[in-house]
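Quick notes on the structure that follows.
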Amino acid sequence: MKIKRISTGVKGLDEMVGGGFPYPSVALVAGGAGTGKTTFAMSFLTEGAENGEQGLFFTTLSEPTQWMLRYASQFDFINKDFFGDEIRYEDIGLLLQQEGYEELINHIDDKIAEIMPQRIVIDPITVVKDFYSEEYRTFLFELINLLKNWKAVTLLTGEVAPDEPYPSQVTYAVDTVILLNMIEEEGSRRKYLEVLKMRGTDHTTGKQPVSITTSDGVVVLKSRF
Ligand SMILES: Nc1ncnc2c1ncn2[C@@H]1O[C@H](COP(=O)(O)OP(=O)(O)OP(=O)(O)O)[C@@H](O)[C@H]1O
Ligand SMILES: [Mg+2]
C-alpha cells in the first residue's frame, strides 16, 4: 500500500524524501541557534494554508502574535493574512511555566480537537526540558503518542547545543528527524540539511547545502556539500 504524503513546503526537500512527510506522522526538525528551524516550520504551514489545510502553531516561548507577525514580515513567502485563520497561533509558554505536564498535554489535545488542523507545529519542544526535568521523557512519550492519533503531520522543532548532534530524547520517538546545521569553514558558516530518518521512506542521506532567502525561506540546494 502506498503511503499518503504531504509536501514539506521546503523547496528541494520533497524530492529527497519520496514526495513529502508521511500523513499522519510526527517529525523533528533539530538544529543549533539560528539554523532556520522556525523558518522551516513556517514554510510547512504556509504550504498547507495554500492548499486549504488548517495549520496550528504552538509557541513554547511566550512570544506574542505581534512578534510572530514581525518575524513573518521579513519573508516574502509568508502571507500574513493566513495568521489567525488558516494558521492559528497559540502561546503555551505560560502554561508550561505554571502547570504540570499533564495539564499541558490536555491543553494541546483540546486545542487540536477544537481547530482540527492537518498541520501542527510546536516550536521549540526542547525548552520543555527546563520545566519538566524529571518528567521530560514521560511528557515526550505521551505527547508524541497523542499526536500520532490525530490525522495530522506534526513538526516539532528542537534546539541542540553546539556539542550535541541532535536531541536524542526526542529522536527515538518520532517518525522523521531532519537536522539543520552549519559548519564553520575558512571564516564563513555553511548551512546544511540532513535527513537522519524518515520511517517507511527511501530518503536521501548525507548533508545537503541549504540557503535561507527572503523570497523562499529555507531552500535545499542541488549542489553537493
Ligand atoms: N530575510 C532573511 N533573508 C535571509 N536569511 C534570513 C532572513 N531572516 C533570517 N535569516 C536567516 O535565518 C536565520 C534565523 O532563522 P530561524 O529564526 O528560522 O532560525 P531558528 O533555528 O528558528 O533560530 P532560533 O534558534 O533562534 O529559534 C538567521 O540566523 C539568518 O541567518
Ligand atoms: Mg526559532
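Letters for chains follow the order of the C-alpha cells (A, B, ...), residue numbers begin at 1 for each chain, and ligand numbers begin at 1 in the order shown.
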Hey, what does DSSP flag as helix (DSSP H, G or I) within chain A? Can you give it to me as a ChimeraX atom specification? /A:14-16,37-50,65-72,80-82,93-98,101-115,126-130,136-148,168-171
Produce a file of the selected residues containing C-alpha atoms, as a PDB file, in the first residue's frame.
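Final output, saved to selection28.pdb:
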```pdb
ATOM      1  CA  ASP A  14      10.237  16.737  -1.194  1.00  0.00           C
ATOM      2  CA  GLU A  15      12.499  15.219  -3.869  1.00  0.00           C
ATOM      3  CA  MET A  16      14.774  13.897  -1.110  1.00  0.00           C
ATOM      4  CA  LYS A  37      14.002  25.843  12.330  1.00  0.00           C
ATOM      5  CA  THR A  38      11.204  28.399  12.705  1.00  0.00           C
ATOM      6  CA  THR A  39      11.502  29.412   9.048  1.00  0.00           C
ATOM      7  CA  PHE A  40      11.231  25.738   8.038  1.00  0.00           C
ATOM      8  CA  ALA A  41       8.103  25.432  10.200  1.00  0.00           C
ATOM      9  CA  MET A  42       6.558  28.497   8.550  1.00  0.00           C
ATOM     10  CA  SER A  43       7.169  27.039   5.067  1.00  0.00           C
ATOM     11  CA  PHE A  44       5.457  23.849   6.213  1.00  0.00           C
ATOM     12  CA  LEU A  45       2.364  25.725   7.465  1.00  0.00           C
ATOM     13  CA  THR A  46       2.248  28.128   4.509  1.00  0.00           C
ATOM     14  CA  GLU A  47       2.291  25.212   2.070  1.00  0.00           C
ATOM     15  CA  GLY A  48      -0.707  23.733   3.891  1.00  0.00           C
ATOM     16  CA  ALA A  49      -2.615  27.024   4.060  1.00  0.00           C
ATOM     17  CA  GLU A  50      -2.182  27.492   0.302  1.00  0.00           C
ATOM     18  CA  THR A  65       1.378  37.171  17.980  1.00  0.00           C
ATOM     19  CA  GLN A  66       2.869  40.594  17.166  1.00  0.00           C
ATOM     20  CA  TRP A  67       6.335  39.112  17.443  1.00  0.00           C
ATOM     21  CA  MET A  68       5.428  36.341  15.005  1.00  0.00           C
ATOM     22  CA  LEU A  69       3.929  38.844  12.566  1.00  0.00           C
ATOM     23  CA  ARG A  70       7.082  40.934  12.660  1.00  0.00           C
ATOM     24  CA  TYR A  71       9.171  37.804  12.074  1.00  0.00           C
ATOM     25  CA  ALA A  72       6.896  36.761   9.212  1.00  0.00           C
ATOM     26  CA  LYS A  80       0.343  37.416   6.840  1.00  0.00           C
ATOM     27  CA  ASP A  81      -3.375  37.125   6.040  1.00  0.00           C
ATOM     28  CA  PHE A  82      -3.127  33.440   6.964  1.00  0.00           C
ATOM     29  CA  GLY A  93       4.584  29.373  27.307  1.00  0.00           C
ATOM     30  CA  LEU A  94       2.692  30.497  30.397  1.00  0.00           C
ATOM     31  CA  LEU A  95       1.004  27.148  30.868  1.00  0.00           C
ATOM     32  CA  LEU A  96       4.386  25.482  30.615  1.00  0.00           C
ATOM     33  CA  GLN A  97       5.759  27.692  33.380  1.00  0.00           C
ATOM     34  CA  GLN A  98       2.773  27.348  35.700  1.00  0.00           C
ATOM     35  CA  TYR A 101       2.969  18.279  32.113  1.00  0.00           C
ATOM     36  CA  GLU A 102      -0.417  16.526  32.204  1.00  0.00           C
ATOM     37  CA  GLU A 103      -2.250  19.866  32.058  1.00  0.00           C
ATOM     38  CA  LEU A 104      -0.067  20.953  29.153  1.00  0.00           C
ATOM     39  CA  ILE A 105      -0.758  17.745  27.230  1.00  0.00           C
ATOM     40  CA  ASN A 106      -4.503  18.073  27.854  1.00  0.00           C
ATOM     41  CA  HIS A 107      -4.429  21.672  26.678  1.00  0.00           C
ATOM     42  CA  ILE A 108      -2.619  20.746  23.443  1.00  0.00           C
ATOM     43  CA  ASP A 109      -5.095  17.921  22.844  1.00  0.00           C
ATOM     44  CA  ASP A 110      -8.091  20.224  23.450  1.00  0.00           C
ATOM     45  CA  LYS A 111      -6.731  22.858  21.045  1.00  0.00           C
ATOM     46  CA  ILE A 112      -6.181  20.250  18.331  1.00  0.00           C
ATOM     47  CA  ALA A 113      -9.730  18.946  18.857  1.00  0.00           C
ATOM     48  CA  GLU A 114     -11.093  22.490  18.579  1.00  0.00           C
ATOM     49  CA  ILE A 115      -9.134  23.578  15.493  1.00  0.00           C
ATOM     50  CA  THR A 126      13.168  21.157  23.754  1.00  0.00           C
ATOM     51  CA  VAL A 127      12.545  24.141  26.061  1.00  0.00           C
ATOM     52  CA  VAL A 128      10.062  21.920  27.923  1.00  0.00           C
ATOM     53  CA  LYS A 129      13.017  20.069  29.418  1.00  0.00           C
ATOM     54  CA  ASP A 130      13.868  23.112  31.564  1.00  0.00           C
ATOM     55  CA  TYR A 136      10.503  15.293  30.332  1.00  0.00           C
ATOM     56  CA  ARG A 137      10.775  11.772  28.885  1.00  0.00           C
ATOM     57  CA  THR A 138       7.293  10.818  30.033  1.00  0.00           C
ATOM     58  CA  PHE A 139       5.933  14.092  28.668  1.00  0.00           C
ATOM     59  CA  LEU A 140       7.531  13.476  25.252  1.00  0.00           C
ATOM     60  CA  PHE A 141       6.328   9.883  25.132  1.00  0.00           C
ATOM     61  CA  GLU A 142       2.744  10.821  25.977  1.00  0.00           C
ATOM     62  CA  LEU A 143       2.713  13.877  23.716  1.00  0.00           C
ATOM     63  CA  ILE A 144       4.050  12.029  20.676  1.00  0.00           C
ATOM     64  CA  ASN A 145       1.595   9.154  21.197  1.00  0.00           C
ATOM     65  CA  LEU A 146      -1.244  11.642  21.396  1.00  0.00           C
ATOM     66  CA  LEU A 147      -0.099  13.428  18.234  1.00  0.00           C
ATOM     67  CA  LYS A 148       0.084  10.135  16.335  1.00  0.00           C
ATOM     68  CA  SER A 168      18.342  12.204  21.488  1.00  0.00           C
ATOM     69  CA  GLN A 169      15.376  12.079  23.882  1.00  0.00           C
ATOM     70  CA  VAL A 170      13.072  13.281  21.105  1.00  0.00           C
ATOM     71  CA  THR A 171      14.556  11.463  18.123  1.00  0.00           C
TER      72      THR A 171
END
```
Closest pair table for chain A residues within 10 Å of ligand 2, only C-alpha atoms and all ligand atoms, as a Markdown table:
```
| residue | atom | partner | partner_atom_place_in_ligand_line | distance |
| --- | --- | --- | --- | --- |
| A:Gly31 | CA | ligand 2 | 1 (Mg) | 9.6 |
| A:Gly32 | CA | ligand 2 | 1 (Mg) | 9.5 |
| A:Ala33 | CA | ligand 2 | 1 (Mg) | 7.5 |
| A:Gly34 | CA | ligand 2 | 1 (Mg) | 6.7 |
| A:Thr35 | CA | ligand 2 | 1 (Mg) | 8.2 |
| A:Gly36 | CA | ligand 2 | 1 (Mg) | 6.8 |
| A:Lys37 | CA | ligand 2 | 1 (Mg) | 5.4 |
| A:Thr38 | CA | ligand 2 | 1 (Mg) | 4.1 |
| A:Thr39 | CA | ligand 2 | 1 (Mg) | 7.3 |
| A:Phe40 | CA | ligand 2 | 1 (Mg) | 9.2 |
| A:Ala41 | CA | ligand 2 | 1 (Mg) | 8.9 |
| A:Thr59 | CA | ligand 2 | 1 (Mg) | 9.5 |
| A:Leu61 | CA | ligand 2 | 1 (Mg) | 9.5 |
| A:Asp123 | CA | ligand 2 | 1 (Mg) | 6.8 |
| A:Pro124 | CA | ligand 2 | 1 (Mg) | 6.9 |
| A:Thr157 | CA | ligand 2 | 1 (Mg) | 7.9 |
| A:Gly158 | CA | ligand 2 | 1 (Mg) | 9.0 |
| A:Glu159 | CA | ligand 2 | 1 (Mg) | 8.4 |
```
So which one's closest to Glu86 (chain A), A:Lys222, A:Lys207, A:Arg119, A:Lys2? Using only C-alpha atoms, please. A:Arg119
Residue list (strand (DSSP E), DSSP) for region 69-172 of chain A, as an MDAnalysis selection string: chainID A and resid 87:91 119:123 153:159
Please, could you write that set of residues out with N, CA and C atoms as an mmCIF file, in the first residue's frame?
```cif
data_model
loop_
_atom_site.group_PDB
_atom_site.id
_atom_site.type_symbol
_atom_site.label_atom_id
_atom_site.label_comp_id
_atom_site.auth_asym_id
_atom_site.auth_seq_id
_atom_site.Cartn_x
_atom_site.Cartn_y
_atom_site.Cartn_z
ATOM 1 N N ILE A 87 -3.744 29.758 9.644
ATOM 2 C CA ILE A 87 -2.682 29.382 10.587
ATOM 3 C C ILE A 87 -3.029 29.993 11.949
ATOM 4 N N ARG A 88 -3.443 29.141 12.869
ATOM 5 C CA ARG A 88 -3.772 29.610 14.221
ATOM 6 C C ARG A 88 -2.514 29.606 15.068
ATOM 7 N N TYR A 89 -2.352 30.629 15.888
ATOM 8 C CA TYR A 89 -1.150 30.814 16.693
ATOM 9 C C TYR A 89 -1.528 30.690 18.164
ATOM 10 N N GLU A 90 -0.923 29.754 18.871
ATOM 11 C CA GLU A 90 -1.269 29.514 20.278
ATOM 12 C C GLU A 90 -0.021 29.566 21.148
ATOM 13 N N ASP A 91 -0.059 30.420 22.152
ATOM 14 C CA ASP A 91 1.063 30.544 23.082
ATOM 15 C C ASP A 91 0.852 29.608 24.275
ATOM 16 N N ARG A 119 -1.939 20.304 9.850
ATOM 17 C CA ARG A 119 -0.507 20.576 10.092
ATOM 18 C C ARG A 119 -0.345 21.281 11.433
ATOM 19 N N ILE A 120 0.521 20.723 12.269
ATOM 20 C CA ILE A 120 0.754 21.251 13.620
ATOM 21 C C ILE A 120 2.247 21.512 13.784
ATOM 22 N N VAL A 121 2.568 22.616 14.468
ATOM 23 C CA VAL A 121 3.972 22.895 14.809
ATOM 24 C C VAL A 121 4.063 23.161 16.308
ATOM 25 N N ILE A 122 5.093 22.633 16.966
ATOM 26 C CA ILE A 122 5.399 23.032 18.346
ATOM 27 C C ILE A 122 6.841 23.525 18.336
ATOM 28 N N ASP A 123 7.021 24.833 18.616
ATOM 29 C CA ASP A 123 8.317 25.489 18.391
ATOM 30 C C ASP A 123 8.767 26.271 19.610
ATOM 31 N N VAL A 153 0.062 16.009 10.328
ATOM 32 C CA VAL A 153 1.515 15.906 10.434
ATOM 33 C C VAL A 153 1.956 16.958 11.442
ATOM 34 N N THR A 154 2.701 16.529 12.454
ATOM 35 C CA THR A 154 3.217 17.467 13.455
ATOM 36 C C THR A 154 4.707 17.637 13.269
ATOM 37 N N LEU A 155 5.121 18.894 13.308
ATOM 38 C CA LEU A 155 6.545 19.212 13.215
ATOM 39 C C LEU A 155 6.976 19.813 14.556
ATOM 40 N N LEU A 156 7.867 19.113 15.240
ATOM 41 C CA LEU A 156 8.437 19.623 16.483
ATOM 42 C C LEU A 156 9.785 20.221 16.124
ATOM 43 N N THR A 157 10.135 21.380 16.688
ATOM 44 C CA THR A 157 11.492 21.865 16.464
ATOM 45 C C THR A 157 12.301 21.632 17.730
ATOM 46 N N GLY A 158 13.581 21.381 17.550
ATOM 47 C CA GLY A 158 14.443 21.071 18.689
ATOM 48 C C GLY A 158 15.744 21.845 18.636
ATOM 49 N N GLU A 159 16.047 22.511 19.742
ATOM 50 C CA GLU A 159 17.321 23.231 19.855
ATOM 51 C C GLU A 159 18.403 22.241 20.237
#
```
Considering only C-alpha atoms and all ligand atoms, state which residue in the set A:Ser25, A:Asn51, A:Gln74, A:Ser223 is at the smallest distance from ligand 1. A:Gln74
What lies within 9 Å of Gly20 (chain A) using only C-alpha atoms, ignoring chain neighbours under 6 positions off, as an MDAnalysis selection string? chainID A and resid 4:9 13:14
Please save C-alpha atoms of the selected residues as a PDB file, in the first residue's frame.
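Contents of selection20.pdb, freshly written:
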```pdb
ATOM      1  CA  LYS A   4      -0.053   9.105   1.685  1.00  0.00           C
ATOM      2  CA  ARG A   5       2.326  12.064   1.796  1.00  0.00           C
ATOM      3  CA  ILE A   6       2.034  15.829   2.056  1.00  0.00           C
ATOM      4  CA  SER A   7       4.539  18.328   0.732  1.00  0.00           C
ATOM      5  CA  THR A   8       7.066  19.621   3.267  1.00  0.00           C
ATOM      6  CA  GLY A   9       6.737  23.132   1.804  1.00  0.00           C
ATOM      7  CA  LEU A  13      13.205  18.735   0.153  1.00  0.00           C
ATOM      8  CA  ASP A  14      10.237  16.737  -1.194  1.00  0.00           C
TER       9      ASP A  14
END
```
Contacts of Ala27 (chain A) within 6 Å, only C-alpha atoms, excl. fewer than 3 positions in-chain, as a count of residues only: 5
From A:Arg190, A:Lys151, A:Lys11, A:His203, residue lying nearest ligand 1 [only C-alpha atoms and all ligand atoms]: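 Answer, going by the shortest atom-to-atom distance: A:Arg190.
Nearest-residue note for ligand 1: choosing from A:Pro162, A:Gly12, A:Gly200, A:Gly55, the minimum distance belongs to A:Pro162, counting only C-alpha atoms and all ligand atoms.
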